[in-house]
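Student: The structure is given below, and queries will be raised subsequently.
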Amino acid sequence: MILQVQGVSKWFGGLKALSQVTLDLPQGQILGLIGPNGAGKTTLFNVINGVYAPEEGRVIFMGQDVTGKKPYHVAHMGMARTHQIVQPLNELTVRENVMVGACFGRENHNLNEAQQIAEQVLEFVGLGDRADQFAGSLNVAQKKRLELARALASRPKLLLLDEVLAGLNPSEIASMIQTVSAIRDQGVTIIMIEHVMHAVMRVSDRIVVLDYGQQIAEGSPEEVSKNPKVIEAYLGDPKLAERLGRLSHD
Amino acid sequence: MSDILLPSLVDGLLLGFVYGIAAMGLSLIWGVMDVINLSHGPIIALGMFGIYLIFTNTGLNPYLALFVVALAGLLLGMIIYGVAVHRVIDAPHLSTLLATFSVNMIIIGIGTALLTTTPRNIDFTLGSLSVGPITVPWTRVAAAFATMLVTGLLYLFLYVSRPGKYIRAVANNRVAAELMGIPSARILALSFGLGTMLAAIAGGLIATFFPFTILSGGSYELKSFVICVLGGLGNPLGALFGGLILGGLEGLTPAFMPTTWVPVLEFGLFVLILLVRPSGLLGSKS
Amino acid sequence: GGGAPAEEAAPTEAPSSGVSEEPAPATEAPGAPEAKEVTLKIGFTASVTGKYEVSSAAQVNGLKLWMDSVNEAGGIELSDGTVVTFDYIFYDDESNKERVQELYTRLATEDNADLLISPYSSGLTAAAAVIAEQYGKVMITTGAASDSTYQQGYTHVFQAYTPASRYLTGAVDLLASLDPNVTKVALVYENSKFSTSVVTAARDYAEAQGYEVVLFEGYDPETADFAPFINKIEAAGPDAILGGGHRVDGKAFAKQLYEKGTPIKFFALLVAPPEPEFAELGDAAVGVIGPSQWEPLAAFTPASAEAIGATWLGPLGNEFVSAFEAAYGDEPSYHAAGGYAAGLILEGAIRSADSTDPEAILAALNGMDLMTFYGHIKFDTSPENHGLQIGHSMVYIQWQRDASGNLVKQVVWPKEGATAEAIYPIR
Amino acid sequence: MMALLEIQDLESGYGEVQILWGVNLSLEKGRLTSLVGGNGVGKTTLLRTITGTIKPWRGSVRFNGQEIGHLPAYRKPDLGVVLVPEGRQLFTDMSVRENLEMGATNSRARAHAAQNLERVFGLFPRLKERESQRAGTLSGGEQQMLAVARGLMAEPEVLMFDELYLGLAPVLVLNLFETLQQLKREGLTMLLVEQNVHMALSVSDYAYVMAEGRITLEGPAAEVAQQDEVKKAYLGI
Amino acid sequence: MRALRSPGLWLALALTAAAGAWPYFTGSASNREVAFTILLSVALASSLNILLGYTGYVSFGHIVFYGLGGYMGIYLLSERGVSLWLAVLAGGAIAGLLALLLGASILRLRGAYFALATIGVNEAARAFINNFQPFGGPIGMTLNFRLYDHYGGAARALWMVYGVMLGLTLLVILVSYLVKNSKFGLGLLAIRENEDAAEIMGVTAPQAKTWAYVLSAIFPGMIGVLFFFKNGNIEPHDAFRLHLSIEMIVMVMLGGYGTVLGPVLGAAGYQRLRGMLLVSPIFKNIQLAVAGGLLLIIVLFVPAGAVGWLRHRVPVLRKVLE
Ligand SMILES: Nc1ncnc2c1ncn2[C@@H]1O[C@H](COP(=O)(O)OP(=O)(O)OP(=O)(O)O)[C@@H](O)[C@H]1O
Ligand SMILES: Nc1ncnc2c1ncn2[C@@H]1O[C@H](COP(=O)(O)OP(=O)(O)OP(=O)(O)O)[C@@H](O)[C@H]1O
Ligand SMILES: [Mg+2]
Ligand SMILES: [Mg+2]
């Protein structure tokens, strides 16, 4: 198990954003994390990588208890993430943004190595021709790719992807899915938050569904998509869901 | 010693009101526009001279003159905003600091040339109020009342009135405010004007009981920084509260230790509070 | 620095020779037969901006008035026929130390000033003194009362003011003469260089006279609100208060002490009271005593010079006052008189040296025993305190109401110069 | 039918970089129009130019026959031209409720603010639950709901959405689908800018396709969806 | 080292060295004094830039390090009789130490609150020294003129101090450059742009910030000793003058924050302008207002600072102007 989340709860004032969430993640898998808006998915990421300390429960990463450890601590151990609401380093160039990931991530590269890694990774995500631009001048979709590039540059063991597909058109989604699979094939374990159902269903080995901070379902994509609780809370009316499914699978 | 505690506390608190109103101006501009107004001190001093000049030349009651000074402060602020700040409000971080610093230099430079640094005093008194061991000049009591009134009005304005909410919206996200139909440039000018108006009022009130020079605003500016932290940025009630704490502290400290230690304690405590409650005593936690 | 600077700087290394190598007209060979005119340049910085602006401006006005009167009178004629006139050059020091040395170095080297006057305030003067001494330029200090500057081994710096250590001692004497029964005094002071030196000396003096110092406490220089401090003073229950600091805080202190109705018999305050604008305090000013370097009413005459065997120089007090009023429109303060006196000191030194040679002027200053409208001038020449003023002493004024109810300043001490009896007790 | 908003030969960009190269587009009254196109082709830039956040370089923007291209951004909502911007642009330090109030600042919407508030709370019950929470702490999807709701509060005549569906859970996407139909029935003119080309084309009446700062294709949505180039480029088929 | 081959570094060093050599060529003590003021500002601004420009933390009270260093140095010189060299090192050390202690605590604060805390620290330090008798309390300390004799008399001593100042300034610029072009510097820049994101990417922000703070404090501490040694005396209000602190920020912003050359140009330009106005026959009586007006014009029309503006306007210069 590369990651174990054991009975994690997180409150915001009176709001219990996460309630006794438990999951185990074997190396090399892709875990899909889905659920309605405000279910606590991003919050779970924040707890896993140390942005928030949970009130209850433990997070164990690569056999070490990292509950309440700072984000940079887990980053050094090999955890990287992207942000749903993009966080570019605006007044640095795209390349420098990625170099930060390479320099301070798991492999602790020096500047020269980091620069080479940055070039590779930027090519990989399709931002190669924008390397010298300031990150602030990218548009939102490009910034999302930059997020991914930074995360990859740190050569992570575990990658947390928060809605990387949002804002991409279907053909772009298709290519991003390939990218994600390729990353997994390099041995990186991935947790992926997504609302683009057909994509999650296609790449995930397993899916966890959150609703109001509770784990309401867990299983293979097949199982989860048939789960009535999931259909009610997340997919909506089954008939419409079916139609939606058709639309997405065309 | 106990017989000096009460009078000193009263003295300190009364002054605290005025500190509060001075800080409110700084806090408003800082909290709302993210502009650290380094011309705050000189504007406080201009407020003092406003009252002084009106009073010595026309004999008008200082409290009536305060209305004139307030209005002039508002206009001056809007002009300063238009001339010196607006162009750089979107420029790199801190450019506005330079802009207001230049305004500071200009006001102090011209002010020194025209008004000299001779200490001035308004020969105006309402007598003193004596209750038991406490003797306080009425002017200070009046200033406290004026401050409460202004604070109340400002609070209502910011949190209830429409333009007040616009101010907070523009402060938070200018692009969005424009998209919602809010004329951000005008709103920013208004905010800046309000901030300087408060500074001018504070100066006017101080002038009714302390002698001053064109440079006297400096120490109130410094205290305003402290108070902003005690009360949290952008919140008028917080500023008032912070002012009272500072005033109370200044009043009581001399009873327990040499008076020269007041600033050590004041600023030491200030840093300490910042460390414990990083967004101020009244600010939201974390 | 490497070798180059030392070589480059060689001319300035030895202060005394540095000056003689200057191509200053003053040092032309004495044998020249026809009468020459020599213009000596006086350099200084003034606080055109910043907190010392007012006092500094007065000082500069006084100095200019002296210069104009000397120049208009055709200059100083030396026995060899040389006529000495003066010119000045000054820069703004902004009331802070950052550039004082830069500007004085410029005055001493670029501008070739022959003689220097100090900036206003002890702090700035201390920085300027390093430069004056280094270039071997005579500097008359005025508006700089601290004793410490004259304890650093300087040989070219001479003080026109009565030093801080003797600022308030006369007030103690005055109190003793008014009421032998008073024993409790409070010494309260601005926690800054000048006032701390003054009250520390005054405390020692008062204690030596048998007074009980019931409160000896400073307040921060930025203080505007004295109310809590006054409460503390009241609790200590002194009969007399001595101390203060500068102009703004002094005014605020006096005003609030009055408003609080503190029962006090005697109140002597530094710096603020002699200033004309102190009258703006109205009733709060009445009875306040202030030490002053000089007052328009002080009457030093050639006769008083003779009495102590000193040389007399310059105008009488009333002549100075009317000339000053004619030139600038208002009554001169002691800072203005100090500026004029600094000029007179230079003039006296040149006259007695009968030369413009810097060494000769220096020697004349060391031996100076001069009386002017400003009072007696004599310098300590011991190595420990060289340049310290030992001739001059303070006068003490008190604000009183005259017959028609107007506020006026009266000299109340020393007895010989007094123009009125001191009001006592004041409350 | 008449065009409520008519855009002709519009050119604009950032600094010296030109992004739009003569865009022609018109929104018929009461119709739901969508604008689709790949990443970075200038869709957002077009919306910013229409609202006045950036100034048009050339060309015209007419609303109800009146030229509005030169007006500053804050004048547009008064006319009824409202944008739900990309990246949401919420007042993150203000509460959910205050954000909604700020939506209704223009002169037309003020009077009906209370009614409209009821309505959007009906559409997004989650916002009602979070009424006094600071907008910046909402989840991504909740923020998107708030942005849409705030746009509706402005009582627009023309409502433009930049990436309406971004980050919304499927269940909400379906709800919004219904909502759009409802708004259309009420006579609202809408422009939908989307990456989700399937969704956009399936809900709208008319569609434009944009590439490299120009409109390359237009027509009824169903027809556009059948075009080979569209299928290839955007539908991933 | 790739960094040492950068034209940007050499440009900044060469400009400073050329300006610094000017008094040596003219042999003029007056020029030396002018240059000293400028170098002092360049060094202060460049040090501050490490924190303000690279890390994005606005230290309003940075002058506390200069003041404290100065006090420590003068104390050692006049009361303990140590040599100037030791005093300068001690000044730097005490400043660095204070920054280290403070860093662990106040660097947790963000944005405006950090700025305010630094003001508090400066004022508290000033007020404390004002009451601290070993350092002379309000009277401060004065150096005996004979002390300069150890350094060949006052004249030589001042040339020597100038030489040290020049060396120190070049060192600060070098350090500033090395920091910017190091991995450490990249971490600082990331913190400046978005501290939370930087931490998530693995930048150990608390540590990095603290070291940036310490670095930016050491030099002002050493410079303080030099200045007050030259000045001959030290008093609390001169040592902890908040105004100077603000001027440091102004200089950094004028030249362009976050660049190596920016603070150099900004400080030199600002001091030159002020220096010229002070001695200008026309303006000297209202020099403050005129300087303010000029500053305002520059700020309004070149808000990114000189270097920022040049980099923007003339992209080819980006390689040269770091
Ligand atoms: N800092 C915070 N303070 C208060 N409430 C918060 C905070 N952060 C998140 N919340 C609330 O916690 C809940 C969970 O938020 P979270 O961002 O984890 O949702 P999510 O599952 O990622 O949703 P989405 O799919 O919309 O992004 C939401 O209701 C949100 O409003
Ligand atoms: N603020 C800006 N400054 C400079 N260039 C920008 C800015 N915003 C966008 N751009 C550039 O303008 C081009 C068009 O961007 P725009 O955001 O209009 O595309 P879009 O069609 O909305 O793309 P997406 O579907 O990814 O949102 C892009 O190349 C982008 O990098
Ligand atoms: Mg989320
Ligand atoms: Mg877009």
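Identifiers for the structure tokens are assigned positionally: chains receive A, B, ... in sequence, residues are indexed from 1 per chain, and ligands are indexed from 1 in the order shown.
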Against ligand 1, which residues of chain A fall within 10 Å? For each one I want the closest pair of atoms and the distance in Å (one decimal), counting only C-alpha atoms and all ligand atoms, rows by chain and increasing residue number, as CSV.

Tutor:
```
residue,atom,partner,partner_atom_place_in_ligand_line,distance
A:Lys10,CA,ligand 1,12 (O),9.0
A:Trp11,CA,ligand 1,5 (N),8.1
A:Phe12,CA,ligand 1,4 (C),4.8
A:Gly13,CA,ligand 1,4 (C),6.8
A:Gly14,CA,ligand 1,4 (C),8.9
A:Leu15,CA,ligand 1,5 (N),6.9
A:Lys16,CA,ligand 1,12 (O),7.5
A:Ala17,CA,ligand 1,12 (O),4.8
A:Leu18,CA,ligand 1,14 (C),7.7
A:Leu33,CA,ligand 1,21 (O),9.0
A:Ile34,CA,ligand 1,21 (O),7.7
A:Gly35,CA,ligand 1,21 (O),6.3
A:Pro36,CA,ligand 1,25 (O),5.8
A:Asn37,CA,ligand 1,26 (O),3.3
A:Gly38,CA,ligand 1,19 (O),3.4
A:Ala39,CA,ligand 1,21 (O),3.7
A:Gly40,CA,ligand 1,18 (O),3.0
A:Lys41,CA,ligand 1,21 (O),3.6
A:Thr42,CA,ligand 1,22 (O),3.6
A:Thr43,CA,ligand 1,18 (O),3.6
A:Leu44,CA,ligand 1,18 (O),6.3
A:Phe45,CA,ligand 1,18 (O),8.0
A:Asn46,CA,ligand 1,18 (O),8.2
A:Val47,CA,ligand 1,18 (O),9.8
A:Tyr52,CA,ligand 1,1 (N),9.3
A:Gln84,CA,ligand 1,27 (O),7.1
A:Ile85,CA,ligand 1,27 (O),8.9
A:Asp162,CA,ligand 1,22 (O),8.1
A:Glu163,CA,ligand 1,27 (O),8.1
A:Ile193,CA,ligand 1,25 (O),8.0
A:Glu194,CA,ligand 1,25 (O),7.8
A:His195,CA,ligand 1,25 (O),7.4
A:Val209,CA,ligand 1,21 (O),9.9
A:Leu210,CA,ligand 1,21 (O),7.5
A:Asp211,CA,ligand 1,21 (O),7.9
A:Tyr212,CA,ligand 1,14 (C),7.5
A:Gly213,CA,ligand 1,14 (C),7.2
```

Student: Using only C-alpha atoms, select each residue of chain A with any atom at most 7 Å away from an atom of chain D, and give the selection as a short mmCIF file (atom, residue, chain, number, x, y, z; two decimals) with C-alpha atoms, in the first residue's frame.

Tutor:
```cif
data_model
loop_
_atom_site.label_atom_id
_atom_site.label_comp_id
_atom_site.auth_asym_id
_atom_site.auth_seq_id
_atom_site.Cartn_x
_atom_site.Cartn_y
_atom_site.Cartn_z
CA PRO A 36 -21.29 15.86 -5.92
CA ASN A 37 -20.00 19.39 -5.64
CA GLY A 38 -18.94 20.14 -2.11
CA ASN A 139 -5.31 31.01 -20.15
CA ALA A 141 -6.76 25.55 -19.73
CA ALA A 166 -12.29 20.30 -16.66
CA GLY A 167 -12.29 22.84 -19.45
CA LEU A 168 -10.94 20.51 -22.08
CA ASN A 169 -12.92 19.62 -25.17
CA PRO A 170 -13.67 15.98 -25.95
CA SER A 171 -10.71 15.42 -28.20
CA HIS A 195 -16.67 15.02 -12.99
CA TYR A 234 -24.31 12.11 -8.15
CA LEU A 235 -25.51 11.10 -11.56
CA GLY A 236 -29.08 12.26 -11.06
CA LEU A 247 -23.74 11.51 -25.25
#
```

Student: What residues in chain D lie within 10 Å of chain B, counting only C-alpha atoms, written as a ChimeraX atom specification?

Tutor: /D:48,51-53,72-85,88-94,98-99,101-107,150-151,153-154

Student: Can you list, as a PDB file with all heavy atoms, in the first residue's frame, all residues belonging to segment 200-229 of chain A that DSSP tags as alpha helix (DSSP H)?

Tutor:
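Generated output (selection_21.pdb):
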```
ATOM      1  N   VAL A 200     -13.387   9.032 -16.247  1.00  0.00           N
ATOM      2  CA  VAL A 200     -13.007   8.354 -14.991  1.00  0.00           C
ATOM      3  C   VAL A 200     -13.260   6.869 -15.116  1.00  0.00           C
ATOM      4  O   VAL A 200     -12.451   6.040 -14.706  1.00  0.00           O
ATOM      5  CB  VAL A 200     -13.831   8.853 -13.787  1.00  0.00           C
ATOM      6  CG1 VAL A 200     -13.074   8.616 -12.508  1.00  0.00           C
ATOM      7  CG2 VAL A 200     -14.224  10.292 -13.952  1.00  0.00           C
ATOM      8  N   MET A 201     -14.437   6.580 -15.665  1.00  0.00           N
ATOM      9  CA  MET A 201     -14.809   5.174 -15.782  1.00  0.00           C
ATOM     10  C   MET A 201     -13.780   4.419 -16.616  1.00  0.00           C
ATOM     11  O   MET A 201     -13.443   3.293 -16.353  1.00  0.00           O
ATOM     12  CB  MET A 201     -16.182   5.048 -16.457  1.00  0.00           C
ATOM     13  CG  MET A 201     -17.301   5.682 -15.661  1.00  0.00           C
ATOM     14  SD  MET A 201     -17.565   4.834 -14.091  1.00  0.00           S
ATOM     15  CE  MET A 201     -18.729   5.913 -13.294  1.00  0.00           C
ATOM     16  N   ARG A 202     -13.270   5.102 -17.628  1.00  0.00           N
ATOM     17  CA  ARG A 202     -12.362   4.419 -18.523  1.00  0.00           C
ATOM     18  C   ARG A 202     -10.999   4.142 -17.894  1.00  0.00           C
ATOM     19  O   ARG A 202     -10.434   3.083 -18.068  1.00  0.00           O
ATOM     20  CB  ARG A 202     -12.180   5.242 -19.810  1.00  0.00           C
ATOM     21  CG  ARG A 202     -11.665   4.420 -20.959  1.00  0.00           C
ATOM     22  CD  ARG A 202     -11.634   5.203 -22.255  1.00  0.00           C
ATOM     23  NE  ARG A 202     -12.940   5.769 -22.608  1.00  0.00           N
ATOM     24  CZ  ARG A 202     -13.093   6.751 -23.508  1.00  0.00           C
ATOM     25  NH1 ARG A 202     -12.050   7.275 -24.118  1.00  0.00           N
ATOM     26  NH2 ARG A 202     -14.288   7.205 -23.803  1.00  0.00           N
ATOM     27  N   VAL A 203     -10.452   5.113 -17.146  1.00  0.00           N
ATOM     28  CA  VAL A 203      -9.070   4.917 -16.688  1.00  0.00           C
ATOM     29  C   VAL A 203      -8.928   4.354 -15.276  1.00  0.00           C
ATOM     30  O   VAL A 203      -7.888   3.818 -14.923  1.00  0.00           O
ATOM     31  CB  VAL A 203      -8.232   6.219 -16.757  1.00  0.00           C
ATOM     32  CG1 VAL A 203      -8.061   6.651 -18.183  1.00  0.00           C
ATOM     33  CG2 VAL A 203      -8.856   7.294 -15.897  1.00  0.00           C
ATOM     34  N   PRO A 221     -15.323   0.542 -11.474  1.00  0.00           N
ATOM     35  CA  PRO A 221     -16.188   1.491 -12.179  1.00  0.00           C
ATOM     36  C   PRO A 221     -17.560   0.878 -12.473  1.00  0.00           C
ATOM     37  O   PRO A 221     -18.591   1.531 -12.288  1.00  0.00           O
ATOM     38  CB  PRO A 221     -15.417   1.763 -13.463  1.00  0.00           C
ATOM     39  CG  PRO A 221     -14.002   1.522 -13.128  1.00  0.00           C
ATOM     40  CD  PRO A 221     -14.001   0.448 -12.097  1.00  0.00           C
ATOM     41  N   GLU A 222     -17.534  -0.343 -12.907  1.00  0.00           N
ATOM     42  CA  GLU A 222     -18.764  -1.069 -13.207  1.00  0.00           C
ATOM     43  C   GLU A 222     -19.729  -1.031 -12.024  1.00  0.00           C
ATOM     44  O   GLU A 222     -20.853  -0.567 -12.125  1.00  0.00           O
ATOM     45  CB  GLU A 222     -18.402  -2.531 -13.503  1.00  0.00           C
ATOM     46  CG  GLU A 222     -19.422  -3.254 -14.317  1.00  0.00           C
ATOM     47  CD  GLU A 222     -19.054  -3.178 -15.793  1.00  0.00           C
ATOM     48  OE1 GLU A 222     -18.420  -2.173 -16.198  1.00  0.00           O
ATOM     49  OE2 GLU A 222     -19.389  -4.101 -16.532  1.00  0.00           O
ATOM     50  N   GLU A 223     -19.206  -1.486 -10.870  1.00  0.00           N
ATOM     51  CA  GLU A 223     -20.038  -1.578  -9.668  1.00  0.00           C
ATOM     52  C   GLU A 223     -20.589  -0.212  -9.281  1.00  0.00           C
ATOM     53  O   GLU A 223     -21.760  -0.043  -9.013  1.00  0.00           O
ATOM     54  CB  GLU A 223     -19.225  -2.125  -8.490  1.00  0.00           C
ATOM     55  CG  GLU A 223     -18.822  -3.586  -8.625  1.00  0.00           C
ATOM     56  CD  GLU A 223     -17.650  -3.960  -7.708  1.00  0.00           C
ATOM     57  OE1 GLU A 223     -17.256  -3.115  -6.848  1.00  0.00           O
ATOM     58  OE2 GLU A 223     -17.126  -5.054  -7.861  1.00  0.00           O
ATOM     59  N   VAL A 224     -19.689   0.748  -9.281  1.00  0.00           N
ATOM     60  CA  VAL A 224     -20.081   2.065  -8.790  1.00  0.00           C
ATOM     61  C   VAL A 224     -21.156   2.681  -9.676  1.00  0.00           C
ATOM     62  O   VAL A 224     -22.139   3.255  -9.191  1.00  0.00           O
ATOM     63  CB  VAL A 224     -18.851   2.985  -8.707  1.00  0.00           C
ATOM     64  CG1 VAL A 224     -19.260   4.428  -8.573  1.00  0.00           C
ATOM     65  CG2 VAL A 224     -17.982   2.562  -7.533  1.00  0.00           C
ATOM     66  N   SER A 225     -21.024   2.514 -10.991  1.00  0.00           N
ATOM     67  CA  SER A 225     -21.993   3.182 -11.856  1.00  0.00           C
ATOM     68  C   SER A 225     -23.375   2.554 -11.748  1.00  0.00           C
ATOM     69  O   SER A 225     -24.364   3.167 -12.139  1.00  0.00           O
ATOM     70  CB  SER A 225     -21.504   3.155 -13.310  1.00  0.00           C
ATOM     71  OG  SER A 225     -21.417   1.822 -13.738  1.00  0.00           O
ATOM     72  N   LYS A 226     -23.426   1.353 -11.189  1.00  0.00           N
ATOM     73  CA  LYS A 226     -24.750   0.732 -11.019  1.00  0.00           C
ATOM     74  C   LYS A 226     -25.304   0.973  -9.631  1.00  0.00           C
ATOM     75  O   LYS A 226     -26.455   0.635  -9.357  1.00  0.00           O
ATOM     76  CB  LYS A 226     -24.641  -0.769 -11.298  1.00  0.00           C
ATOM     77  CG  LYS A 226     -24.468  -1.065 -12.771  1.00  0.00           C
ATOM     78  CD  LYS A 226     -24.484  -2.559 -13.019  1.00  0.00           C
ATOM     79  CE  LYS A 226     -23.988  -2.871 -14.409  1.00  0.00           C
ATOM     80  NZ  LYS A 226     -22.984  -3.957 -14.406  1.00  0.00           N
ATOM     81  N   PRO A 228     -27.195   2.364  -6.792  1.00  0.00           N
ATOM     82  CA  PRO A 228     -28.321   3.318  -6.764  1.00  0.00           C
ATOM     83  C   PRO A 228     -28.031   4.574  -5.953  1.00  0.00           C
ATOM     84  O   PRO A 228     -28.471   5.669  -6.310  1.00  0.00           O
ATOM     85  CB  PRO A 228     -29.457   2.512  -6.127  1.00  0.00           C
ATOM     86  CG  PRO A 228     -28.866   1.232  -5.615  1.00  0.00           C
ATOM     87  CD  PRO A 228     -27.535   1.038  -6.242  1.00  0.00           C
ATOM     88  N   LYS A 229     -27.275   4.401  -4.875  1.00  0.00           N
ATOM     89  CA  LYS A 229     -26.958   5.589  -4.054  1.00  0.00           C
ATOM     90  C   LYS A 229     -26.169   6.586  -4.894  1.00  0.00           C
ATOM     91  O   LYS A 229     -26.375   7.798  -4.815  1.00  0.00           O
ATOM     92  CB  LYS A 229     -26.110   5.190  -2.841  1.00  0.00           C
ATOM     93  CG  LYS A 229     -26.943   4.762  -1.644  1.00  0.00           C
ATOM     94  CD  LYS A 229     -26.163   4.981  -0.355  1.00  0.00           C
ATOM     95  CE  LYS A 229     -25.679   3.651   0.200  1.00  0.00           C
ATOM     96  NZ  LYS A 229     -24.791   3.699   1.325  1.00  0.00           N
TER      97      LYS A 229
END
```

Student: Just want the 8 Å neighbourhood of Thr259 of chain E, counted on only C-alpha atoms, with same-chain residues fewer than 3 positions away dropped. Output as a compact mmCIF listing (two decimals) with N, CA and C atoms, in the first residue's frame.

Tutor:
```
# COMPACT_ATOMS: atom_id res chain seq x y z
N GLY E 53 12.26 41.66 -2.65
CA GLY E 53 12.13 41.41 -4.08
C GLY E 53 12.06 39.93 -4.41
N GLY E 256 13.36 48.54 -9.56
CA GLY E 256 12.71 47.33 -10.04
C GLY E 256 12.97 46.21 -9.06
N GLY E 262 18.27 46.30 -10.30
CA GLY E 262 17.24 47.28 -9.91
C GLY E 262 17.59 48.07 -8.67
N PRO E 263 17.83 47.39 -7.55
CA PRO E 263 18.14 48.14 -6.34
C PRO E 263 19.38 49.00 -6.49
N VAL E 307 14.51 48.95 -14.11
CA VAL E 307 14.94 47.70 -14.74
C VAL E 307 13.74 46.94 -15.30
N GLY E 308 12.67 46.93 -14.53
CA GLY E 308 11.46 46.26 -15.01
C GLY E 308 10.99 46.87 -16.32
N LEU E 321 20.06 42.43 -18.13
CA LEU E 321 19.52 43.05 -16.92
C LEU E 321 18.84 42.00 -16.06
N GLU E 322 19.55 41.49 -15.10
CA GLU E 322 18.95 40.43 -14.29
C GLU E 322 18.21 41.05 -13.12
```

Student: Give me the chain E side of the contact with chain B, cut-off 9 Å, one line per residue showing its nearest atom pair and distance in Å at one decimal, counting only C-alpha atoms, sorted by chain and residue number, as a tab-separated table.

Tutor:
```
residue	atom	partner	partner_atom	distance
E:Val58	CA	B:Leu94	CA	8.9
E:Ser105	CA	B:Leu275	CA	6.9
E:Ile106	CA	B:Leu275	CA	6.5
E:Arg108	CA	B:Leu275	CA	8.0
E:Leu109	CA	B:Pro278	CA	6.2
E:Arg110	CA	B:Pro278	CA	8.3
E:Ala112	CA	B:Asp34	CA	8.6
E:Tyr113	CA	B:Pro278	CA	6.9
E:Phe114	CA	B:Leu274	CA	8.6
E:Leu116	CA	B:Phe225	CA	6.5
E:Ala117	CA	B:Val271	CA	5.6
E:Thr118	CA	B:Val271	CA	8.2
E:Ile119	CA	B:Phe225	CA	8.3
E:Gly120	CA	B:Phe267	CA	5.1
E:Val121	CA	B:Val271	CA	6.8
E:Asn122	CA	B:Phe267	CA	8.6
E:Glu123	CA	B:Phe267	CA	6.4
E:Ala124	CA	B:Val264	CA	4.8
E:Ala125	CA	B:Val264	CA	7.4
E:Arg126	CA	B:Val264	CA	8.1
E:Ala127	CA	B:Val264	CA	5.1
E:Phe128	CA	B:Val264	CA	5.5
E:Asn130	CA	B:Thr260	CA	8.1
E:Asn131	CA	B:Thr260	CA	7.0
E:Ile246	CA	B:Phe101	CA	8.4
E:Glu247	CA	B:Phe101	CA	8.9
E:Ile249	CA	B:Leu98	CA	8.3
E:Val250	CA	B:Leu98	CA	5.9
E:Met253	CA	B:Ser95	CA	7.0
E:Leu254	CA	B:Leu98	CA	8.2
E:Asn285	CA	B:Ala113	CA	7.6
E:Ile286	CA	B:Gly109	CA	5.9
E:Gln287	CA	B:Gly109	CA	7.2
E:Leu288	CA	B:Gly109	CA	4.8
E:Ala289	CA	B:Ile106	CA	3.9
E:Val290	CA	B:Ile106	CA	7.0
E:Ala291	CA	B:Met105	CA	7.4
E:Gly292	CA	B:Ser102	CA	4.3
E:Gly293	CA	B:Ile106	CA	6.4
E:Leu294	CA	B:Ser102	CA	8.2
E:Leu295	CA	B:Ser102	CA	6.0
E:Leu296	CA	B:Ser102	CA	5.4
E:Ile297	CA	B:Ala84	CA	8.6
E:Val299	CA	B:Ala99	CA	6.2
E:Leu300	CA	B:Val88	CA	6.2
E:Phe301	CA	B:Arg87	CA	8.3
E:Pro303	CA	B:Ala91	CA	6.1
E:Ala304	CA	B:Pro92	CA	6.2
E:Gly305	CA	B:Ser95	CA	8.9
```

Student: List the neighbours of Ala254 of chain C out to 8 Å using only C-alpha atoms; skip same-chain residues closer than 4 positions along the sequence, and give me the result as an MDAnalysis selection string.

Tutor: chainID C and resid 250 258 284:285 288

Student: Only residues of chain C matter here; which ones have an atom within 8 Å of chain B, counting only C-alpha atoms? Give them as a PyMOL selection string.

Tutor: chain C and resi 49-54+191+217-220+222+224-225+227-229+231-232+235+247-248+251-252+259-260+277+280-282

Student: According to DSSP computed on the backbone, where in segment 1-239 of chain A is there strand (DSSP E or B)? Give the residues as a count of residues only.

Tutor: 61
